[in-house]
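Trainee: My questions all concern the structure below.
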2 protein chains.
Amino acid sequence: MVKTNSRRDGFVSTLASGVDGKSLHNEILLDLPRKECAVVFPHLKLIPMPTHAVLNEMGEPIQHAYFINSGLASVLNVLSDGKSVEVGLTGKEGFVGLPVVAGLNTSASRVVMQIAGSAYKISAANLIKSLRECPTLEKSLHQFTHLMGMQGSHVAACNRVHNVEERLARWLLMSQDRIQSDYVPLTQEFLAHMLGTRRASVTVAAGILQKAGLITYTRGAVRIIDRTQLEDSSCECYSTMVQQSKNWENESQ
Amino acid sequence: MVKTNSRRDGFVSTLASGVDGKSLHNEILLDLPRKECAVVFPHLKLIPMPTHAVLNEMGEPIQHAYFINSGLASVLNVLSDGKSVEVGLTGKEGFVGLPVVAGLNTSASRVVMQIAGSAYKISAANLIKSLRECPTLEKSLHQFTHLMGMQGSHVAACNRVHNVEERLARWLLMSQDRIQSDYVPLTQEFLAHMLGTRRASVTVAAGILQKAGLITYTRGAVRIIDRTQLEDSSCECYSTMVQQSKNWENESQ
DNA sequence: TACTTACTGTACGCTAGCGTACCTATGTAA
DNA sequence: TTACATAGGTACGCTAGCGTACAGTAAGTA
């Protein structure tokens, strides 16, 4: 999901590291041309995002949007009985606050940090203002809207037809891609929320994957051992989604 | 899902009825300002869309886009074993070919007419060209992208947690909204495809709804009898999605 | 060191829905 | 009228996953 882009240059890095002294990883921001950086960056503030931080709440107005810089955020659909089901997943390639880009005020889902990290925060008002002057940013965000829609649709199909073990494998692979680490610091309880299933079902599925030597599970964290075999254990949805992201990179400009 | 818009005037209707002598129902087109109509309409051709016509095929290049004028189109995710799961649904409020709007060439899903109707067809190339001159159209389509993404996400959650009977009720209600008729000419076989379940499961679920007096089932068609009670039988997802569409109408512009 | 809390492993009865099969209606065409 | 194809009703054994409960274990704290 890394877009190659000739615009990444010393200028951008300098601007970025000026914000809070940390380096810029968000791929949407990295791909902005100089002109647009100058418009957007003054509105950004790099803030730490602790685990379980709620970025947007379902049904509530969106005050701020976020360019994820590190860590992992989940897009959840919350049902009236309190159950939640993950419908999307994004890391440093992504952005939270898409409804604002579409001209809407209300979030259709809850977005939560699953793995702590950092993000560039911008107020909805400043984002809207910036978009008027930043066609590249606008285009990126429209494309990302489409990409997240595709992701949601795939998850819809996957949730219908694939079992817990396959979905767990898929989820671990998608996470690893986004945080670029084989260490996924999550409890089974939270994985269960992600997969919309029981904690006990995750224990069983994780046990199977562990016995097969694909992962090791320690208290509060998974480590991925054999990625290739994990892909085999996962449902086809993983490779389909990866393929579509690649199409997206190649076809968009 | 009907957007009220002052731009709907005699001019537009005249232009529209010029195409094939039939009247224009597509709500995105109806909401275009005169200027943009003049750009887009010359590229449109109103064509009949028979049942099971494939508008876009998953993984294949998009040659044409469609403004649905009547009937009902399903967005399906096709799995390698040939199974398909519906992830979206659109009628005259909608558009097929969203990837093109996002700047992509390949369709991420199969789009099929479920109930015959008609659509305004436009080549991908002409659409792209038109979009450059039509900011209103572009904005509408970006918003529709977002709306379909929300729909897919909701279906993802719904598929995970709700049973066949609830999902069938939801599907019938969503169809009725889009075709504005209580008569839904579909076999149980096809409903099963829509819900990603067995035909036999649909028979059972439809039987329950029929006994309760909410629908009647005749060979190849359902008729909705008691809409209010059907809403009660449906899962919360229906009302959530309706609510979000309303937000969309109110908040956009 | 003992206590406490949070996380993981496992078990058990239960149910929705699956795959499959077969029979019965209902249209349609010869 | 008969033959045929398609759609709907029903049944049966089977399995994944649910809800729940409880015990074991690691990690933090007094």
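Following the order of the structure tokens, first chain is A, next is B, and so on, with residues numbered from 1 inside each chain and ligands from 1 in the order they appear.
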Taking a cut-off of 9 Å and counting only C-alpha atoms (C1' of nucleotides), can you build a table that, for each residue of chain A near chain D, reports the nearest atom pair and how far apart they are in Å (one decimal), sorted by chain then residue number, as a Markdown table?

Mentor:
| residue | atom | partner | partner_atom | distance |
| --- | --- | --- | --- | --- |
| A:Asn163 | CA | D:DA16 | C1' | 7.9 |
| A:Val164 | CA | D:DG17 | C1' | 8.8 |
| A:Thr197 | CA | D:DG17 | C1' | 8.5 |
| A:Arg198 | CA | D:DC18 | C1' | 7.8 |
| A:Ser201 | CA | D:DG17 | C1' | 7.6 |
| A:Arg219 | CA | D:DA26 | C1' | 7.2 |

Trainee: Would you export the selected residues with N, CA and C atoms as a PDB file, in the first residue's frame, please?

Mentor:
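Listed below is the output, out35.pdb:
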ATOM      1  N   ASN A 163     -14.900 -18.775   8.066  1.00  0.00           N
ATOM      2  CA  ASN A 163     -14.925 -19.111   9.490  1.00  0.00           C
ATOM      3  C   ASN A 163     -13.916 -18.298  10.310  1.00  0.00           C
ATOM      4  N   VAL A 164     -13.980 -18.470  11.617  1.00  0.00           N
ATOM      5  CA  VAL A 164     -13.186 -17.638  12.519  1.00  0.00           C
ATOM      6  C   VAL A 164     -11.691 -17.768  12.247  1.00  0.00           C
ATOM      7  N   THR A 197     -16.841 -11.868  17.084  1.00  0.00           N
ATOM      8  CA  THR A 197     -17.081 -13.222  17.563  1.00  0.00           C
ATOM      9  C   THR A 197     -16.786 -13.301  19.064  1.00  0.00           C
ATOM     10  N   ARG A 198     -16.875 -14.513  19.655  1.00  0.00           N
ATOM     11  CA  ARG A 198     -16.623 -14.672  21.077  1.00  0.00           C
ATOM     12  C   ARG A 198     -15.120 -14.694  21.343  1.00  0.00           C
ATOM     13  N   SER A 201     -13.889 -18.219  20.981  1.00  0.00           N
ATOM     14  CA  SER A 201     -13.659 -18.689  19.611  1.00  0.00           C
ATOM     15  C   SER A 201     -12.283 -18.270  19.122  1.00  0.00           C
ATOM     16  N   ARG A 219       0.670 -13.672  26.387  1.00  0.00           N
ATOM     17  CA  ARG A 219      -0.333 -12.854  27.066  1.00  0.00           C
ATOM     18  C   ARG A 219      -0.381 -11.440  26.472  1.00  0.00           C
TER      19      ARG A 219
END

Trainee: Quick one: which chain C residues come within 10 Å of chain B, and what is the nearest atom pair for each with the distance in Å to one decimal, counting only C-alpha atoms (C1' of nucleotides), rows ordered by chain and ascending number, as JSON lines?

Mentor:
{"residue": "C:DA16", "atom": "C1'", "partner": "B:Asn163", "partner_atom": "CA", "distance": 7.9}
{"residue": "C:DG17", "atom": "C1'", "partner": "B:Ser201", "partner_atom": "CA", "distance": 7.6}
{"residue": "C:DC18", "atom": "C1'", "partner": "B:Arg198", "partner_atom": "CA", "distance": 7.8}
{"residue": "C:DG19", "atom": "C1'", "partner": "B:Arg198", "partner_atom": "CA", "distance": 9.2}
{"residue": "C:DA25", "atom": "C1'", "partner": "B:Arg219", "partner_atom": "CA", "distance": 9.3}
{"residue": "C:DT26", "atom": "C1'", "partner": "B:Arg219", "partner_atom": "CA", "distance": 7.5}
{"residue": "C:DG27", "atom": "C1'", "partner": "B:Arg219", "partner_atom": "CA", "distance": 9.1}

Trainee: Please find the residues of chain A near chain B - the criterion being any atom within 7 Å, counting only C-alpha atoms - and write them as number ranges by chain.

Mentor: A: 77, 85, 87, 102-105, 108, 142-143, 145-146, 149-150, 152-157, 159-160, 196, 248, 251-252

Trainee: Quick one: DSSP helix (DSSP H, G or I) residues in segment 26-210 of chain A, as a PyMOL selection string?

Mentor: chain A and resi 27-30+34-43+98-101+124-133+135-161+164-179+188-195+199-210

Trainee: Rounded to one decimal place, report the atom CA of Thr187 of chain B-atom C1' of DT20 of chain C distance in Å.

Mentor: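 Computing it gives 20.1 Å between the two atoms.
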
Trainee: Tell me, in Å to one decimal, how far atom CA of Ala65 of chain A is from atom CA of Asp177 of chain A.

Mentor: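 Value for the atom CA of Ala65 of chain A-atom CA of Asp177 of chain A distance: 22.7 Å.
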
Trainee: What does the structure give for the distance between atom CA of Arg132 of chain A and atom CA of Thr136 of chain B, in Å to one decimal?

Mentor: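 Taking atom CA of Arg132 of chain A as the start and atom CA of Thr136 of chain B as the end point, the length is 14.5 Å.
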
Trainee: List as a list in words the protein and nucleic acid residues near Thr51 of chain B, meaning an atom at most 12 Å away when only C-alpha atoms (C1' of nucleotides) are counted, but skip any in the same chain fewer than 2 places from it.

Mentor: Pro48, Met49, Ala53, Val54, Leu55, Ser70, Gly71, Leu72, Ala73, Ser74, Val111, Val112, Met113, Gln114, Ile115, Ala116, Gly117, Ser118, Pro185, Leu186, Thr187 and Phe190 of chain B

Trainee: What lies within 10 Å of Val204 of chain A using only C-alpha atoms (C1' of nucleotides), ignoring chain neighbours under 6 positions off, as number ranges by chain?

Mentor: A: 164-165, 210; C: 9-10

Trainee: Write out, as a PDB file, in the first residue's frame, the residues just selected, with C-alpha atoms (C1' of nucleotides).

Mentor:
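The result, written out as out.pdb:
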ATOM      1  CA  VAL A 164     -13.186 -17.638  12.519  1.00  0.00           C
ATOM      2  CA  GLU A 165      -9.804 -19.203  11.839  1.00  0.00           C
ATOM      3  CA  GLN A 210      -0.159 -21.631  17.112  1.00  0.00           C
TER       4      GLN A 210
ATOM      5  C1'  DG C   9      -7.690 -22.450  27.999  1.00  0.00           C
ATOM      6  C1'  DT C  10     -11.391 -25.532  28.061  1.00  0.00           C
TER       7       DT C  10
END

Trainee: I need the residues of segment 87-237 of chain A that end up classed as strand (DSSP E or B) by DSSP on the backbone, written out as number ranges by chain.

Mentor: A: 87-90, 95-96, 106, 110-123, 183-184, 215-218, 221-224

Trainee: Keeping N, CA and C atoms, export the residues of the selection given above as a PDB file, in the first residue's frame.

Mentor:
ATOM      1  N   VAL A  87     -15.335  -3.110  10.360  1.00  0.00           N
ATOM      2  CA  VAL A  87     -15.613  -3.087   8.928  1.00  0.00           C
ATOM      3  C   VAL A  87     -14.455  -2.483   8.140  1.00  0.00           C
ATOM      4  N   GLY A  88     -13.436  -2.007   8.855  1.00  0.00           N
ATOM      5  CA  GLY A  88     -12.284  -1.450   8.162  1.00  0.00           C
ATOM      6  C   GLY A  88     -11.114  -1.306   9.098  1.00  0.00           C
ATOM      7  N   LEU A  89      -9.966  -1.089   8.512  1.00  0.00           N
ATOM      8  CA  LEU A  89      -8.704  -1.143   9.240  1.00  0.00           C
ATOM      9  C   LEU A  89      -7.758  -0.200   8.522  1.00  0.00           C
ATOM     10  N   THR A  90      -7.103   0.673   9.266  1.00  0.00           N
ATOM     11  CA  THR A  90      -6.146   1.525   8.567  1.00  0.00           C
ATOM     12  C   THR A  90      -4.984   1.926   9.451  1.00  0.00           C
ATOM     13  N   PHE A  95      -6.465   7.703   6.592  1.00  0.00           N
ATOM     14  CA  PHE A  95      -7.060   8.950   7.059  1.00  0.00           C
ATOM     15  C   PHE A  95      -8.375   8.610   7.748  1.00  0.00           C
ATOM     16  N   VAL A  96      -8.665   9.327   8.819  1.00  0.00           N
ATOM     17  CA  VAL A  96      -9.928   9.116   9.537  1.00  0.00           C
ATOM     18  C   VAL A  96     -10.710  10.422   9.534  1.00  0.00           C
ATOM     19  N   THR A 106     -21.621  13.977  10.037  1.00  0.00           N
ATOM     20  CA  THR A 106     -21.796  12.927  11.035  1.00  0.00           C
ATOM     21  C   THR A 106     -21.013  11.671  10.666  1.00  0.00           C
ATOM     22  N   ARG A 110     -17.739   4.096  14.372  1.00  0.00           N
ATOM     23  CA  ARG A 110     -16.795   4.433  15.431  1.00  0.00           C
ATOM     24  C   ARG A 110     -15.395   4.068  14.949  1.00  0.00           C
ATOM     25  N   VAL A 111     -14.466   4.982  15.143  1.00  0.00           N
ATOM     26  CA  VAL A 111     -13.085   4.689  14.776  1.00  0.00           C
ATOM     27  C   VAL A 111     -12.229   4.726  16.036  1.00  0.00           C
ATOM     28  N   VAL A 112     -11.524   3.636  16.280  1.00  0.00           N
ATOM     29  CA  VAL A 112     -10.783   3.464  17.528  1.00  0.00           C
ATOM     30  C   VAL A 112      -9.351   3.046  17.241  1.00  0.00           C
ATOM     31  N   MET A 113      -8.411   3.543  18.006  1.00  0.00           N
ATOM     32  CA  MET A 113      -7.034   3.060  17.892  1.00  0.00           C
ATOM     33  C   MET A 113      -6.966   1.665  18.512  1.00  0.00           C
ATOM     34  N   GLN A 114      -6.491   0.708  17.741  1.00  0.00           N
ATOM     35  CA  GLN A 114      -6.335  -0.642  18.280  1.00  0.00           C
ATOM     36  C   GLN A 114      -4.924  -0.834  18.792  1.00  0.00           C
ATOM     37  N   ILE A 115      -3.981  -0.240  18.064  1.00  0.00           N
ATOM     38  CA  ILE A 115      -2.590  -0.290  18.499  1.00  0.00           C
ATOM     39  C   ILE A 115      -2.113   1.160  18.570  1.00  0.00           C
ATOM     40  N   ALA A 116      -1.593   1.520  19.714  1.00  0.00           N
ATOM     41  CA  ALA A 116      -1.207   2.911  19.953  1.00  0.00           C
ATOM     42  C   ALA A 116      -0.233   3.404  18.893  1.00  0.00           C
ATOM     43  N   GLY A 117      -0.275   4.699  18.627  1.00  0.00           N
ATOM     44  CA  GLY A 117       0.602   5.293  17.624  1.00  0.00           C
ATOM     45  C   GLY A 117       0.478   6.792  17.692  1.00  0.00           C
ATOM     46  N   SER A 118       0.510   7.424  16.536  1.00  0.00           N
ATOM     47  CA  SER A 118       0.360   8.874  16.510  1.00  0.00           C
ATOM     48  C   SER A 118      -0.395   9.284  15.258  1.00  0.00           C
ATOM     49  N   ALA A 119      -0.905  10.495  15.270  1.00  0.00           N
ATOM     50  CA  ALA A 119      -1.657  10.972  14.111  1.00  0.00           C
ATOM     51  C   ALA A 119      -1.549  12.478  14.004  1.00  0.00           C
ATOM     52  N   TYR A 120      -1.656  12.980  12.797  1.00  0.00           N
ATOM     53  CA  TYR A 120      -1.746  14.415  12.570  1.00  0.00           C
ATOM     54  C   TYR A 120      -3.216  14.805  12.605  1.00  0.00           C
ATOM     55  N   LYS A 121      -3.534  15.631  13.571  1.00  0.00           N
ATOM     56  CA  LYS A 121      -4.923  16.023  13.807  1.00  0.00           C
ATOM     57  C   LYS A 121      -5.206  17.338  13.098  1.00  0.00           C
ATOM     58  N   ILE A 122      -6.398  17.453  12.529  1.00  0.00           N
ATOM     59  CA  ILE A 122      -6.807  18.714  11.893  1.00  0.00           C
ATOM     60  C   ILE A 122      -8.288  18.912  12.175  1.00  0.00           C
ATOM     61  N   SER A 123      -8.699  20.135  12.415  1.00  0.00           N
ATOM     62  CA  SER A 123     -10.120  20.370  12.671  1.00  0.00           C
ATOM     63  C   SER A 123     -10.891  20.201  11.378  1.00  0.00           C
ATOM     64  N   TYR A 183       4.852  -8.258  15.395  1.00  0.00           N
ATOM     65  CA  TYR A 183       4.378  -8.281  16.781  1.00  0.00           C
ATOM     66  C   TYR A 183       3.080  -7.479  16.873  1.00  0.00           C
ATOM     67  N   VAL A 184       1.981  -8.145  17.169  1.00  0.00           N
ATOM     68  CA  VAL A 184       0.674  -7.489  17.223  1.00  0.00           C
ATOM     69  C   VAL A 184       0.177  -7.482  18.672  1.00  0.00           C
ATOM     70  N   ILE A 215       1.918 -18.803  14.272  1.00  0.00           N
ATOM     71  CA  ILE A 215       2.017 -17.664  15.193  1.00  0.00           C
ATOM     72  C   ILE A 215       2.427 -18.195  16.566  1.00  0.00           C
ATOM     73  N   THR A 216       2.870 -17.295  17.421  1.00  0.00           N
ATOM     74  CA  THR A 216       2.944 -17.648  18.838  1.00  0.00           C
ATOM     75  C   THR A 216       2.103 -16.645  19.589  1.00  0.00           C
ATOM     76  N   TYR A 217       1.437 -17.151  20.606  1.00  0.00           N
ATOM     77  CA  TYR A 217       0.569 -16.280  21.366  1.00  0.00           C
ATOM     78  C   TYR A 217       1.111 -16.148  22.778  1.00  0.00           C
ATOM     79  N   THR A 218       1.438 -14.944  23.169  1.00  0.00           N
ATOM     80  CA  THR A 218       1.780 -14.691  24.566  1.00  0.00           C
ATOM     81  C   THR A 218       0.708 -13.770  25.110  1.00  0.00           C
ATOM     82  N   ALA A 221      -0.471 -10.478  23.303  1.00  0.00           N
ATOM     83  CA  ALA A 221       0.180 -10.208  22.020  1.00  0.00           C
ATOM     84  C   ALA A 221       0.359 -11.462  21.176  1.00  0.00           C
ATOM     85  N   VAL A 222       0.250 -11.261  19.872  1.00  0.00           N
ATOM     86  CA  VAL A 222       0.529 -12.324  18.910  1.00  0.00           C
ATOM     87  C   VAL A 222       1.850 -11.991  18.227  1.00  0.00           C
ATOM     88  N   ARG A 223       2.618 -13.000  17.923  1.00  0.00           N
ATOM     89  CA  ARG A 223       3.764 -12.789  17.045  1.00  0.00           C
ATOM     90  C   ARG A 223       3.595 -13.689  15.830  1.00  0.00           C
ATOM     91  N   ILE A 224       3.741 -13.093  14.673  1.00  0.00           N
ATOM     92  CA  ILE A 224       3.594 -13.862  13.440  1.00  0.00           C
ATOM     93  C   ILE A 224       4.922 -14.517  13.106  1.00  0.00           C
TER      94      ILE A 224
END
